[in-house]
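Coordinates from target.cif are shown below (mmCIF, N, CA and C atoms).
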data_protein
#
loop_
_atom_site.label_atom_id
_atom_site.label_comp_id
_atom_site.auth_asym_id
_atom_site.auth_seq_id
_atom_site.Cartn_x
_atom_site.Cartn_y
_atom_site.Cartn_z
N MET T 1 -202.14 -142.81 31.13
CA MET T 1 -202.44 -142.20 29.85
C MET T 1 -203.40 -141.04 30.08
N SER T 2 -203.14 -139.96 29.43
CA SER T 2 -203.98 -138.78 29.58
C SER T 2 -204.33 -138.24 28.20
N LEU T 3 -205.60 -137.92 28.01
CA LEU T 3 -206.04 -137.38 26.73
C LEU T 3 -206.01 -135.86 26.76
N SER T 4 -205.50 -135.28 25.68
CA SER T 4 -205.49 -133.82 25.57
C SER T 4 -206.73 -133.37 24.81
N LYS T 5 -206.87 -132.07 24.73
CA LYS T 5 -207.99 -131.48 24.00
C LYS T 5 -207.94 -131.91 22.54
N ASP T 6 -206.73 -131.97 21.96
CA ASP T 6 -206.58 -132.38 20.56
C ASP T 6 -206.95 -133.86 20.38
N ASP T 7 -206.60 -134.69 21.36
CA ASP T 7 -206.96 -136.11 21.29
C ASP T 7 -208.48 -136.28 21.26
N VAL T 8 -209.15 -135.53 22.12
CA VAL T 8 -210.62 -135.61 22.18
C VAL T 8 -211.22 -135.14 20.86
N LYS T 9 -210.66 -134.08 20.29
CA LYS T 9 -211.15 -133.57 19.01
C LYS T 9 -210.99 -134.63 17.92
N LYS T 10 -209.85 -135.32 17.93
CA LYS T 10 -209.60 -136.36 16.93
C LYS T 10 -210.57 -137.54 17.11
N VAL T 11 -210.77 -137.98 18.35
CA VAL T 11 -211.70 -139.08 18.62
C VAL T 11 -213.11 -138.70 18.20
N ALA T 12 -213.52 -137.47 18.49
CA ALA T 12 -214.85 -137.01 18.09
C ALA T 12 -214.98 -137.00 16.57
N HIS T 13 -213.93 -136.59 15.88
CA HIS T 13 -213.96 -136.59 14.41
C HIS T 13 -214.08 -138.01 13.87
N LEU T 14 -213.29 -138.95 14.43
CA LEU T 14 -213.34 -140.34 13.98
C LEU T 14 -214.70 -140.97 14.25
N ALA T 15 -215.35 -140.56 15.33
CA ALA T 15 -216.67 -141.09 15.69
C ALA T 15 -217.79 -140.33 14.98
N ARG T 16 -217.42 -139.33 14.20
CA ARG T 16 -218.40 -138.51 13.47
C ARG T 16 -219.38 -137.84 14.44
N ILE T 17 -218.82 -137.32 15.56
CA ILE T 17 -219.62 -136.64 16.57
C ILE T 17 -219.16 -135.19 16.61
N HIS T 18 -220.09 -134.27 16.51
CA HIS T 18 -219.74 -132.85 16.62
C HIS T 18 -219.69 -132.47 18.10
N VAL T 19 -218.55 -131.96 18.51
CA VAL T 19 -218.38 -131.50 19.89
C VAL T 19 -217.96 -130.04 19.82
N ALA T 20 -218.71 -129.20 20.50
CA ALA T 20 -218.39 -127.77 20.51
C ALA T 20 -217.03 -127.55 21.16
N GLU T 21 -216.34 -126.53 20.68
CA GLU T 21 -214.99 -126.23 21.16
C GLU T 21 -214.95 -126.00 22.67
N ASP T 22 -215.98 -125.37 23.23
CA ASP T 22 -215.98 -125.07 24.66
C ASP T 22 -216.26 -126.30 25.52
N ARG T 23 -216.66 -127.41 24.92
CA ARG T 23 -216.94 -128.63 25.68
C ARG T 23 -215.76 -129.61 25.66
N LEU T 24 -214.72 -129.33 24.87
CA LEU T 24 -213.61 -130.26 24.72
C LEU T 24 -212.85 -130.48 26.03
N ASP T 25 -212.61 -129.41 26.79
CA ASP T 25 -211.86 -129.56 28.04
C ASP T 25 -212.61 -130.43 29.04
N GLY T 26 -213.91 -130.19 29.19
CA GLY T 26 -214.71 -130.99 30.12
C GLY T 26 -214.79 -132.45 29.70
N LEU T 27 -214.93 -132.66 28.40
CA LEU T 27 -215.00 -134.02 27.88
C LEU T 27 -213.66 -134.73 28.05
N ALA T 28 -212.57 -134.02 27.89
CA ALA T 28 -211.25 -134.61 28.10
C ALA T 28 -211.11 -135.06 29.55
N GLY T 29 -211.59 -134.27 30.49
CA GLY T 29 -211.53 -134.65 31.90
C GLY T 29 -212.35 -135.90 32.18
N GLU T 30 -213.57 -135.97 31.60
CA GLU T 30 -214.42 -137.14 31.81
C GLU T 30 -213.78 -138.40 31.21
N LEU T 31 -213.25 -138.28 30.01
CA LEU T 31 -212.61 -139.43 29.37
C LEU T 31 -211.37 -139.87 30.14
N ASN T 32 -210.61 -138.93 30.68
CA ASN T 32 -209.43 -139.28 31.48
C ASN T 32 -209.84 -140.03 32.74
N GLN T 33 -210.97 -139.64 33.33
CA GLN T 33 -211.46 -140.36 34.51
C GLN T 33 -211.82 -141.80 34.14
N ILE T 34 -212.51 -141.98 33.02
CA ILE T 34 -212.89 -143.32 32.57
C ILE T 34 -211.66 -144.17 32.32
N ILE T 35 -210.67 -143.60 31.66
CA ILE T 35 -209.43 -144.33 31.38
C ILE T 35 -208.73 -144.69 32.69
N GLY T 36 -208.80 -143.80 33.66
CA GLY T 36 -208.20 -144.09 34.97
C GLY T 36 -208.87 -145.28 35.63
N TRP T 37 -210.20 -145.36 35.55
CA TRP T 37 -210.91 -146.50 36.13
C TRP T 37 -210.54 -147.80 35.42
N VAL T 38 -210.40 -147.74 34.10
CA VAL T 38 -210.02 -148.94 33.35
C VAL T 38 -208.60 -149.36 33.71
N GLU T 39 -207.71 -148.40 33.89
CA GLU T 39 -206.34 -148.73 34.29
C GLU T 39 -206.31 -149.37 35.68
N GLN T 40 -207.23 -148.99 36.57
CA GLN T 40 -207.30 -149.60 37.89
C GLN T 40 -207.64 -151.08 37.78
N LEU T 41 -208.41 -151.46 36.78
CA LEU T 41 -208.77 -152.87 36.60
C LEU T 41 -207.55 -153.75 36.35
N SER T 42 -206.52 -153.19 35.73
CA SER T 42 -205.32 -153.99 35.46
C SER T 42 -204.56 -154.32 36.74
N GLU T 43 -204.84 -153.60 37.82
CA GLU T 43 -204.18 -153.86 39.10
C GLU T 43 -204.84 -154.97 39.88
N VAL T 44 -206.02 -155.40 39.48
CA VAL T 44 -206.76 -156.43 40.21
C VAL T 44 -206.12 -157.79 39.94
N ASP T 45 -205.86 -158.55 41.01
CA ASP T 45 -205.28 -159.88 40.89
C ASP T 45 -206.38 -160.87 40.54
N THR T 46 -206.32 -161.42 39.34
CA THR T 46 -207.34 -162.37 38.88
C THR T 46 -206.78 -163.78 38.75
N ASP T 47 -205.62 -164.04 39.31
CA ASP T 47 -205.06 -165.39 39.26
C ASP T 47 -205.97 -166.35 40.00
N GLY T 48 -206.27 -167.47 39.38
CA GLY T 48 -207.10 -168.49 39.99
C GLY T 48 -208.60 -168.22 39.90
N VAL T 49 -208.99 -167.15 39.24
CA VAL T 49 -210.41 -166.83 39.09
C VAL T 49 -210.87 -167.39 37.75
N GLU T 50 -211.86 -168.26 37.79
CA GLU T 50 -212.38 -168.87 36.57
C GLU T 50 -213.20 -167.84 35.78
N PRO T 51 -213.08 -167.83 34.46
CA PRO T 51 -213.91 -166.92 33.66
C PRO T 51 -215.38 -167.29 33.78
N MET T 52 -216.25 -166.27 33.74
CA MET T 52 -217.69 -166.52 33.86
C MET T 52 -218.35 -166.36 32.50
N THR T 53 -219.31 -167.21 32.22
CA THR T 53 -220.14 -167.04 31.03
C THR T 53 -221.51 -166.53 31.42
N SER T 54 -221.82 -166.60 32.70
CA SER T 54 -223.11 -166.15 33.20
C SER T 54 -222.97 -165.85 34.69
N ALA T 55 -223.85 -165.01 35.19
CA ALA T 55 -223.84 -164.71 36.62
C ALA T 55 -224.44 -165.85 37.42
N ILE T 56 -225.18 -166.72 36.75
CA ILE T 56 -225.80 -167.87 37.40
C ILE T 56 -225.12 -169.14 36.88
N ALA T 57 -224.66 -169.98 37.78
CA ALA T 57 -224.01 -171.23 37.37
C ALA T 57 -225.06 -172.20 36.85
N HIS T 58 -224.86 -172.70 35.66
CA HIS T 58 -225.76 -173.71 35.10
C HIS T 58 -225.00 -174.54 34.08
N ASP T 59 -225.46 -175.75 33.86
CA ASP T 59 -224.84 -176.64 32.89
C ASP T 59 -225.56 -176.52 31.56
N LEU T 60 -224.79 -176.60 30.49
CA LEU T 60 -225.38 -176.59 29.17
C LEU T 60 -225.94 -177.97 28.85
N ARG T 61 -227.07 -177.97 28.17
CA ARG T 61 -227.64 -179.25 27.78
C ARG T 61 -226.93 -179.74 26.52
N TRP T 62 -226.57 -181.01 26.51
CA TRP T 62 -225.90 -181.60 25.37
C TRP T 62 -226.88 -182.45 24.58
N ARG T 63 -226.71 -182.47 23.28
CA ARG T 63 -227.51 -183.34 22.45
C ARG T 63 -226.58 -184.03 21.47
N GLU T 64 -227.04 -185.12 20.94
CA GLU T 64 -226.25 -185.85 19.96
C GLU T 64 -226.17 -185.03 18.68
N ASP T 65 -224.98 -184.92 18.14
CA ASP T 65 -224.78 -184.18 16.91
C ASP T 65 -225.05 -185.12 15.74
N ALA T 66 -226.28 -185.15 15.29
CA ALA T 66 -226.68 -186.08 14.23
C ALA T 66 -227.45 -185.33 13.16
N VAL T 67 -227.24 -185.73 11.91
CA VAL T 67 -227.98 -185.15 10.80
C VAL T 67 -229.40 -185.71 10.84
N THR T 68 -230.38 -184.83 10.85
CA THR T 68 -231.77 -185.27 10.94
C THR T 68 -232.55 -184.93 9.68
N ASP T 69 -231.92 -184.22 8.77
CA ASP T 69 -232.66 -183.70 7.63
C ASP T 69 -232.14 -184.23 6.30
N GLY T 70 -231.17 -185.11 6.32
CA GLY T 70 -230.54 -185.55 5.07
C GLY T 70 -231.27 -186.67 4.37
N ALA T 71 -230.83 -186.96 3.18
CA ALA T 71 -231.34 -188.04 2.36
C ALA T 71 -232.83 -187.90 2.06
N GLN T 72 -233.31 -186.67 1.98
CA GLN T 72 -234.71 -186.42 1.65
C GLN T 72 -234.81 -185.28 0.63
N PRO T 73 -234.12 -185.40 -0.50
CA PRO T 73 -234.09 -184.27 -1.45
C PRO T 73 -235.47 -183.90 -1.98
N ASP T 74 -236.36 -184.87 -2.13
CA ASP T 74 -237.68 -184.54 -2.66
C ASP T 74 -238.45 -183.64 -1.69
N LYS T 75 -238.35 -183.94 -0.39
CA LYS T 75 -239.04 -183.11 0.61
C LYS T 75 -238.43 -181.72 0.67
N VAL T 76 -237.11 -181.64 0.57
CA VAL T 76 -236.43 -180.34 0.63
C VAL T 76 -236.78 -179.51 -0.59
N LEU T 77 -236.72 -180.12 -1.78
CA LEU T 77 -237.01 -179.39 -3.01
C LEU T 77 -238.48 -179.01 -3.13
N ALA T 78 -239.35 -179.66 -2.40
CA ALA T 78 -240.77 -179.33 -2.44
C ALA T 78 -241.04 -177.95 -1.85
N ASN T 79 -240.08 -177.38 -1.12
CA ASN T 79 -240.25 -176.05 -0.53
C ASN T 79 -240.13 -174.93 -1.56
N GLY T 80 -239.52 -175.21 -2.71
CA GLY T 80 -239.31 -174.17 -3.72
C GLY T 80 -240.41 -174.16 -4.75
N PRO T 81 -240.57 -173.03 -5.44
CA PRO T 81 -241.62 -172.94 -6.46
C PRO T 81 -241.31 -173.73 -7.73
N ALA T 82 -240.02 -173.86 -8.08
CA ALA T 82 -239.66 -174.58 -9.31
C ALA T 82 -238.34 -175.31 -9.12
N THR T 83 -238.26 -176.54 -9.60
CA THR T 83 -237.02 -177.32 -9.52
C THR T 83 -236.74 -177.98 -10.85
N GLU T 84 -235.46 -178.32 -11.03
CA GLU T 84 -235.05 -179.00 -12.26
C GLU T 84 -233.77 -179.77 -11.97
N LEU T 85 -233.76 -181.04 -12.25
CA LEU T 85 -232.60 -181.91 -12.08
C LEU T 85 -232.05 -181.88 -10.65
N GLY T 86 -232.92 -181.78 -9.67
CA GLY T 86 -232.49 -181.79 -8.28
C GLY T 86 -232.02 -180.46 -7.75
N PHE T 87 -232.30 -179.36 -8.45
CA PHE T 87 -231.89 -178.03 -8.02
C PHE T 87 -233.09 -177.09 -8.08
N TYR T 88 -233.03 -176.00 -7.31
CA TYR T 88 -234.05 -174.96 -7.41
C TYR T 88 -233.82 -174.17 -8.69
N VAL T 89 -234.89 -173.76 -9.34
CA VAL T 89 -234.80 -172.91 -10.52
C VAL T 89 -235.12 -171.48 -10.06
N VAL T 90 -234.18 -170.56 -10.34
CA VAL T 90 -234.36 -169.17 -9.94
C VAL T 90 -234.12 -168.27 -11.14
N PRO T 91 -234.70 -167.07 -11.14
CA PRO T 91 -234.48 -166.15 -12.26
C PRO T 91 -233.02 -165.66 -12.29
N LYS T 92 -232.54 -165.41 -13.47
CA LYS T 92 -231.19 -164.90 -13.64
C LYS T 92 -231.12 -163.46 -13.10
N VAL T 93 -230.09 -163.18 -12.26
CA VAL T 93 -229.99 -161.85 -11.65
C VAL T 93 -228.81 -161.05 -12.18
N VAL T 94 -227.93 -161.65 -12.93
CA VAL T 94 -226.77 -160.96 -13.47
C VAL T 94 -226.82 -161.06 -14.99
N GLU T 95 -226.68 -159.94 -15.62
CA GLU T 95 -226.70 -159.92 -17.10
C GLU T 95 -225.31 -160.10 -17.66
#

Could you rewrite the structure in this file as structure tokens?
Amino acid sequence: MSLSKDDVKKVAHLARIHVAEDRLDGLAGELNQIIGWVEQLSEVDTDGVEPMTSAIAHDLRWREDAVTDGAQPDKVLANGPATELGFYVVPKVVE
């Protein structure tokens, strides 16, 4: 894939970047080089390579998935300035 001067102008417009007319040719060359490097990555054989989540191998710590904050509505509602019938009272925001 090769980008033309018009392609670069369109990408610059979509990105809301002003690029002077005399810089379009040079920028097209730089972008074509970048695209070439990305296309080279598709040639790399990655069969049998495990995906990495980190550069350092480590195990995630597991914890029991348990509710620790439930069945305490009075304590939860105590955090608000005003409550009524088990709900927070807030000012009306829509007329």

Open item on the list: Report, in Å with one decimal, the straight-line distance from atom N of Val76 (chain T) to atom C of Glu64 (chain T).
Closed with: 21.4 Å

- [ ] Tell me which protein, DNA and RNA residues are within 9 Å of Ala28 (chain T), counting only C-alpha atoms, leaving out same-chain ones fewer than 3 positions away, and put them as a VMD selection string.
- [x] chain T and resid 2 to 5 7 to 8 23 to 25 31 to 33

Produce a file of the selected residues containing N, CA and C atoms, as a PDB file, in the frame of the given file.
ATOM      1  N   SER T   2    -203.140-139.960  29.430  1.00  0.00           N
ATOM      2  CA  SER T   2    -203.980-138.780  29.580  1.00  0.00           C
ATOM      3  C   SER T   2    -204.330-138.240  28.200  1.00  0.00           C
ATOM      4  N   LEU T   3    -205.600-137.920  28.010  1.00  0.00           N
ATOM      5  CA  LEU T   3    -206.040-137.380  26.730  1.00  0.00           C
ATOM      6  C   LEU T   3    -206.010-135.860  26.760  1.00  0.00           C
ATOM      7  N   SER T   4    -205.500-135.280  25.680  1.00  0.00           N
ATOM      8  CA  SER T   4    -205.490-133.820  25.570  1.00  0.00           C
ATOM      9  C   SER T   4    -206.730-133.370  24.810  1.00  0.00           C
ATOM     10  N   LYS T   5    -206.870-132.070  24.730  1.00  0.00           N
ATOM     11  CA  LYS T   5    -207.990-131.480  24.000  1.00  0.00           C
ATOM     12  C   LYS T   5    -207.940-131.910  22.540  1.00  0.00           C
ATOM     13  N   ASP T   7    -206.600-134.690  21.360  1.00  0.00           N
ATOM     14  CA  ASP T   7    -206.960-136.110  21.290  1.00  0.00           C
ATOM     15  C   ASP T   7    -208.480-136.280  21.260  1.00  0.00           C
ATOM     16  N   VAL T   8    -209.150-135.530  22.120  1.00  0.00           N
ATOM     17  CA  VAL T   8    -210.620-135.610  22.180  1.00  0.00           C
ATOM     18  C   VAL T   8    -211.220-135.140  20.860  1.00  0.00           C
ATOM     19  N   ARG T  23    -216.660-127.410  24.920  1.00  0.00           N
ATOM     20  CA  ARG T  23    -216.940-128.630  25.680  1.00  0.00           C
ATOM     21  C   ARG T  23    -215.760-129.610  25.660  1.00  0.00           C
ATOM     22  N   LEU T  24    -214.720-129.330  24.870  1.00  0.00           N
ATOM     23  CA  LEU T  24    -213.610-130.260  24.720  1.00  0.00           C
ATOM     24  C   LEU T  24    -212.850-130.480  26.030  1.00  0.00           C
ATOM     25  N   ASP T  25    -212.610-129.410  26.790  1.00  0.00           N
ATOM     26  CA  ASP T  25    -211.860-129.560  28.040  1.00  0.00           C
ATOM     27  C   ASP T  25    -212.610-130.430  29.040  1.00  0.00           C
ATOM     28  N   LEU T  31    -213.250-138.280  30.010  1.00  0.00           N
ATOM     29  CA  LEU T  31    -212.610-139.430  29.370  1.00  0.00           C
ATOM     30  C   LEU T  31    -211.370-139.870  30.140  1.00  0.00           C
ATOM     31  N   ASN T  32    -210.610-138.930  30.680  1.00  0.00           N
ATOM     32  CA  ASN T  32    -209.430-139.280  31.480  1.00  0.00           C
ATOM     33  C   ASN T  32    -209.840-140.030  32.740  1.00  0.00           C
ATOM     34  N   GLN T  33    -210.970-139.640  33.330  1.00  0.00           N
ATOM     35  CA  GLN T  33    -211.460-140.360  34.510  1.00  0.00           C
ATOM     36  C   GLN T  33    -211.820-141.800  34.140  1.00  0.00           C
TER      37      GLN T  33
END

TODO: as JSON, numbers by chain, please: all residues of chain T that backbone DSSP puts in helix (DSSP H, G or I).
DONE: {"T": [5, 6, 7, 8, 9, 10, 11, 12, 13, 14, 21, 22, 23, 24, 25, 26, 27, 28, 29, 30, 31, 32, 33, 34, 35, 36, 37, 38, 39, 40, 41, 73, 74, 75, 76, 77]}

Task: DSSP strand (DSSP E) residues within chain T, listed as a list of chain:residue names - done: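 Assigned to strand (DSSP E), within chain T: T:Thr83, T:Glu84, T:Phe87, T:Tyr88.
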